Amino acid sequence: MKTKLAQVMVVTPHPDDAEYGVAGTVVHWVSQGKEVVYVVCTNGDKGTSDASIKPEELAKTREEEQIAAVNLLGVREVMFLRHPDQCLEDTPEFRKEIVRLIRMYRPETIVTADPYRRYVWHRDHRITGQVTLDAIFPYARDLFSYPDLMREELYPHKVKEVLLWGTEDINYRSNITETFRVKLTALRCHKSQVGHVPPQELEERLRERHRLLAQGEDFQLAEAFHRVEILW
Ligand SMILES: [Zn+2]
C-alpha cells in the first residue's frame with residue numbers, strides 16, 4: 001500500500017457538513033499550498049423532506065454535489081465511505097477505516113465534527129467525531145493496533161492538530177472574511193440541501209452566523225473550532 005501524503009484531512013459525516021464547518025479555512029490552506037483531502041462517511045441518503053426522491057438517487061446526487069464543491073475549493077481528493085445515512089455506529093470496522101486513511105494520508109491536521117456538543121446533535125456527527133478522535137489516538141499511533149495494516153505498509157502516524165467544528169467550546173477562530181464568497185459558492189453546490197433557500201437569504205444567514213462566530217476578533221467573519229494540539 002502506498003502512502004499519498006496530505007497535510008489536512010477533513011472527516012465529514014455527510015456531504016455538505018464540511019462546507020458549513022470548514023470550507024472557508026480549506027480555501028486558505030489550499031492557497032498556502034497545503035494538500036487537503038476529504039473523507040465523507042455517509043451517503044446522505046436520508047437528507048430530504050421530498051418523498052418523491054428515491055434514497056439511492058439522493059445518494060448519487062449528493063456525491064455529485066460534494067465533488068462539485070471540493071473541485072471549487074481546490075481539495076485534492078474526496079473519499080466516499082458510503083455508509084447509510086443515520087446508521088453510523090462506533091464499531092471496530094468504522095474506526096479501522098478511519099485509521100487506514102490516517103495512516104495512508106498521514107495528515108498533520110484533521111478536521112471533523114465535535115462529538116461533545118450537548119443535547120440536539122445529529123447522531124452521525126457525534127459518532128464521526130468520536131470515532132475519528134479514537135482513530136487518531138491511540139489506534140493510528142500504536143504499532144501493535146493493527147498487525148494487518150502494518151503488513152500493508154500502513155505504519156503508525158502521529159496527527160499534530162485536531163479542529164472540531166460545531167463546538168460549544170470555541171478556542172480557535174479562523175479568519176474567512178476573504179474566502180467567504182468561495183465557501184458560499186461551495187455550499188450552493190449542495191442544491192439538494194440548500195436549493196430551496198432563496199440565494200440572498202442563504203447568503204445573509206451564513207454571513208450572520210460567521211459574523212457571530214468572529215465576535216471578539218479584529219476580523220469580520222470566522223469559522224470557529226475547538227482546537228486540540230497533540231504534543232506527542
Ligand atoms: Zn450532517
# chains A, B, ... in the order shown; residues from 1 in each chain; ligands from 1
$ closest_atom_pairs --of "region 56-108 of chain A" --to "region 24-45 of chain A" --cutoff "7 Å" --atoms "only C-alpha atoms" --output "tab-separated table"
residue	atom	partner	partner_atom	distance
A:Glu56	CA	A:Asp45	CA	6.5
A:Leu58	CA	A:Asp45	CA	5.5
A:Ala59	CA	A:Asp45	CA	4.7
A:Arg62	CA	A:Gly44	CA	6.8
A:Leu73	CA	A:Val27	CA	5.7
A:Gly74	CA	A:Val30	CA	6.3
A:Val75	CA	A:Val36	CA	5.2
A:Arg76	CA	A:Val37	CA	5.6
A:Glu77	CA	A:Val37	CA	4.9
A:Val78	CA	A:Tyr38	CA	4.6
A:Met79	CA	A:Val39	CA	4.8
A:Phe80	CA	A:Val40	CA	4.9
A:Leu81	CA	A:Cys41	CA	4.9
A:Arg82	CA	A:Asn43	CA	4.7
A:His83	CA	A:Thr42	CA	4.3
A:Pro84	CA	A:Thr42	CA	5.5
A:Asp85	CA	A:Gly44	CA	4.8
$ write_last_selection --atoms "C-alpha atoms" --output "mmCIF file, in the first residue's frame"
data_model
loop_
_atom_site.group_PDB
_atom_site.id
_atom_site.type_symbol
_atom_site.label_atom_id
_atom_site.label_comp_id
_atom_site.auth_asym_id
_atom_site.auth_seq_id
_atom_site.Cartn_x
_atom_site.Cartn_y
_atom_site.Cartn_z
ATOM 1 C CA GLU A 56 -30.373 5.841 -3.929
ATOM 2 C CA LEU A 58 -30.362 11.204 -3.469
ATOM 3 C CA ALA A 59 -27.103 9.448 -2.531
ATOM 4 C CA ARG A 62 -25.169 14.212 -3.053
ATOM 5 C CA LEU A 73 -12.420 24.614 -3.071
ATOM 6 C CA GLY A 74 -9.276 23.058 -4.525
ATOM 7 C CA VAL A 75 -9.468 19.884 -2.420
ATOM 8 C CA ARG A 76 -7.172 17.252 -3.932
ATOM 9 C CA GLU A 77 -9.231 14.121 -3.354
ATOM 10 C CA VAL A 78 -12.515 13.018 -1.862
ATOM 11 C CA MET A 79 -13.136 9.519 -0.494
ATOM 12 C CA PHE A 80 -16.717 8.296 -0.084
ATOM 13 C CA LEU A 81 -17.144 5.622 2.597
ATOM 14 C CA ARG A 82 -20.845 5.299 1.649
ATOM 15 C CA HIS A 83 -22.276 4.245 4.985
ATOM 16 C CA PRO A 84 -26.058 4.672 5.017
ATOM 17 C CA ASP A 85 -27.209 7.990 6.446
#
$ residues_around --residues "Phe137 (chain A)" --least-positions-apart "4" --cutoff "12 Å" --atoms "only C-alpha atoms" --output "PDB file with N, CA and C atoms, in the first residue's frame"
ATOM      1  N   ARG A  95     -13.919   2.426  12.807  1.00  0.00           N
ATOM      2  CA  ARG A  95     -12.692   3.002  13.374  1.00  0.00           C
ATOM      3  C   ARG A  95     -11.476   2.614  12.512  1.00  0.00           C
ATOM      4  N   ILE A  98     -11.091   4.608   9.333  1.00  0.00           N
ATOM      5  CA  ILE A  98     -10.502   5.939   9.532  1.00  0.00           C
ATOM      6  C   ILE A  98      -8.996   5.808   9.810  1.00  0.00           C
ATOM      7  N   VAL A  99      -8.625   4.835  10.616  1.00  0.00           N
ATOM      8  CA  VAL A  99      -7.191   4.620  10.902  1.00  0.00           C
ATOM      9  C   VAL A  99      -6.432   4.360   9.591  1.00  0.00           C
ATOM     10  N   ILE A 102      -5.921   7.583   7.841  1.00  0.00           N
ATOM     11  CA  ILE A 102      -4.934   8.430   8.543  1.00  0.00           C
ATOM     12  C   ILE A 102      -3.527   7.928   8.230  1.00  0.00           C
ATOM     13  N   GLN A 130     -16.355  11.215  17.421  1.00  0.00           N
ATOM     14  CA  GLN A 130     -15.791  10.317  18.447  1.00  0.00           C
ATOM     15  C   GLN A 130     -14.870   9.261  17.820  1.00  0.00           C
ATOM     16  N   VAL A 131     -15.335   8.657  16.751  1.00  0.00           N
ATOM     17  CA  VAL A 131     -14.546   7.592  16.115  1.00  0.00           C
ATOM     18  C   VAL A 131     -13.251   8.179  15.531  1.00  0.00           C
ATOM     19  N   THR A 132     -13.336   9.377  14.988  1.00  0.00           N
ATOM     20  CA  THR A 132     -12.125   9.999  14.423  1.00  0.00           C
ATOM     21  C   THR A 132     -11.115  10.310  15.528  1.00  0.00           C
ATOM     22  N   LEU A 133     -11.596  10.840  16.650  1.00  0.00           N
ATOM     23  CA  LEU A 133     -10.678  11.112  17.772  1.00  0.00           C
ATOM     24  C   LEU A 133     -10.036   9.817  18.271  1.00  0.00           C
ATOM     25  N   ARG A 141      -1.714   5.660  16.076  1.00  0.00           N
ATOM     26  CA  ARG A 141      -0.364   5.895  16.576  1.00  0.00           C
ATOM     27  C   ARG A 141       0.378   4.612  16.924  1.00  0.00           C
ATOM     28  N   ASP A 142      -0.366   3.580  17.334  1.00  0.00           N
ATOM     29  CA  ASP A 142       0.299   2.458  18.005  1.00  0.00           C
ATOM     30  C   ASP A 142       0.654   1.305  17.070  1.00  0.00           C
ATOM     31  N   LEU A 143       1.849   0.860  17.278  1.00  0.00           N
ATOM     32  CA  LEU A 143       2.477  -0.167  16.449  1.00  0.00           C
ATOM     33  C   LEU A 143       1.663  -1.456  16.358  1.00  0.00           C
ATOM     34  N   SER A 145      -1.584  -1.979  17.075  1.00  0.00           N
ATOM     35  CA  SER A 145      -3.052  -1.873  16.972  1.00  0.00           C
ATOM     36  C   SER A 145      -3.606  -2.739  15.849  1.00  0.00           C
ATOM     37  N   PRO A 156       2.310   3.357  11.792  1.00  0.00           N
ATOM     38  CA  PRO A 156       1.765   4.333  12.743  1.00  0.00           C
ATOM     39  C   PRO A 156       2.035   5.776  12.322  1.00  0.00           C
ATOM     40  N   HIS A 157       1.087   6.627  12.695  1.00  0.00           N
ATOM     41  CA  HIS A 157       1.225   8.052  12.351  1.00  0.00           C
ATOM     42  C   HIS A 157       0.707   8.902  13.508  1.00  0.00           C
ATOM     43  N   LYS A 158       1.404  10.026  13.757  1.00  0.00           N
ATOM     44  CA  LYS A 158       1.008  10.942  14.828  1.00  0.00           C
ATOM     45  C   LYS A 158       0.451  12.232  14.222  1.00  0.00           C
ATOM     46  N   VAL A 159      -0.845  12.429  14.385  1.00  0.00           N
ATOM     47  CA  VAL A 159      -1.501  13.671  13.954  1.00  0.00           C
ATOM     48  C   VAL A 159      -1.119  14.765  14.953  1.00  0.00           C
ATOM     49  N   LYS A 160      -0.885  15.995  14.437  1.00  0.00           N
ATOM     50  CA  LYS A 160      -0.420  17.063  15.339  1.00  0.00           C
ATOM     51  C   LYS A 160      -1.537  17.947  15.875  1.00  0.00           C
ATOM     52  N   GLU A 161      -2.611  18.057  15.103  1.00  0.00           N
ATOM     53  CA  GLU A 161      -3.638  19.046  15.457  1.00  0.00           C
ATOM     54  C   GLU A 161      -5.017  18.533  15.028  1.00  0.00           C
ATOM     55  N   VAL A 162      -6.008  18.744  15.897  1.00  0.00           N
ATOM     56  CA  VAL A 162      -7.385  18.398  15.554  1.00  0.00           C
ATOM     57  C   VAL A 162      -8.241  19.659  15.679  1.00  0.00           C
ATOM     58  N   ILE A 230      -1.795  18.194  19.724  1.00  0.00           N
ATOM     59  CA  ILE A 230      -1.342  16.963  20.365  1.00  0.00           C
ATOM     60  C   ILE A 230       0.165  16.979  20.458  1.00  0.00           C
ATOM     61  N   LEU A 231       0.636  17.019  21.698  1.00  0.00           N
ATOM     62  CA  LEU A 231       2.091  17.045  21.930  1.00  0.00           C
ATOM     63  C   LEU A 231       2.502  15.615  22.261  1.00  0.00           C
ATOM     64  N   TRP A 232       3.006  14.933  21.290  1.00  0.00           N
ATOM     65  CA  TRP A 232       3.346  13.512  21.495  1.00  0.00           C
ATOM     66  C   TRP A 232       4.652  13.371  22.253  1.00  0.00           C
TER      67      TRP A 232
END
$ residues_around --residues "region 105-121 of chain A" --least-positions-apart "6" --cutoff "8 Å" --atoms "only C-alpha atoms" --output "ChimeraX atom specification"
/A:3-13,18,22,127-130,132,157-168,226
$ residues_near_ligand --ligand "ligand 1" --cutoff "8 Å" --atoms "only C-alpha atoms and all ligand atoms" --output "list in words"
Thr12, Pro13, His14, Pro15, Asp16, Asp17, Gly44, His122, Asp124 and His125 of chain A
$ atom_distance --atom1 "CA of Ala186 (chain A)" --atom2 "CA of Ala69 (chain A)"
4.6 Å
$ select_by_dssp --residues "region 66-208 of chain A" --states "strand (DSSP E or B)" --output "list in words"
Glu77, Val78, Met79, Phe80, Leu81, Arg82, His83, Thr109, Ile110, Val111, Thr112, Ala113, Glu161, Val162, Leu163, Leu164, Trp165, Tyr172, Arg173, Ser174 and Asn175 of chain A
$ closest_residue --among "A:Ser49, A:Gln66, A:Thr177, A:Gln200" --to "Leu221 (chain A)" --atoms "only C-alpha atoms"
A:Thr177
$ select_by_dssp --residues "region 68-173 of chain A" --states "alpha helix (DSSP H)" --output "MDAnalysis selection string"
chainID A and resid 68:73 92:105 123:134 147:151
$ closest_residue --among "A:Ala51, A:Asn171, A:Phe144, A:Glu178" --to "Glu229 (chain A)" --atoms "only C-alpha atoms"
A:Asn171
$ atom_distance --atom1 "CA of Met104 (chain A)" --atom2 "CA of Leu154 (chain A)"
6.2 Å
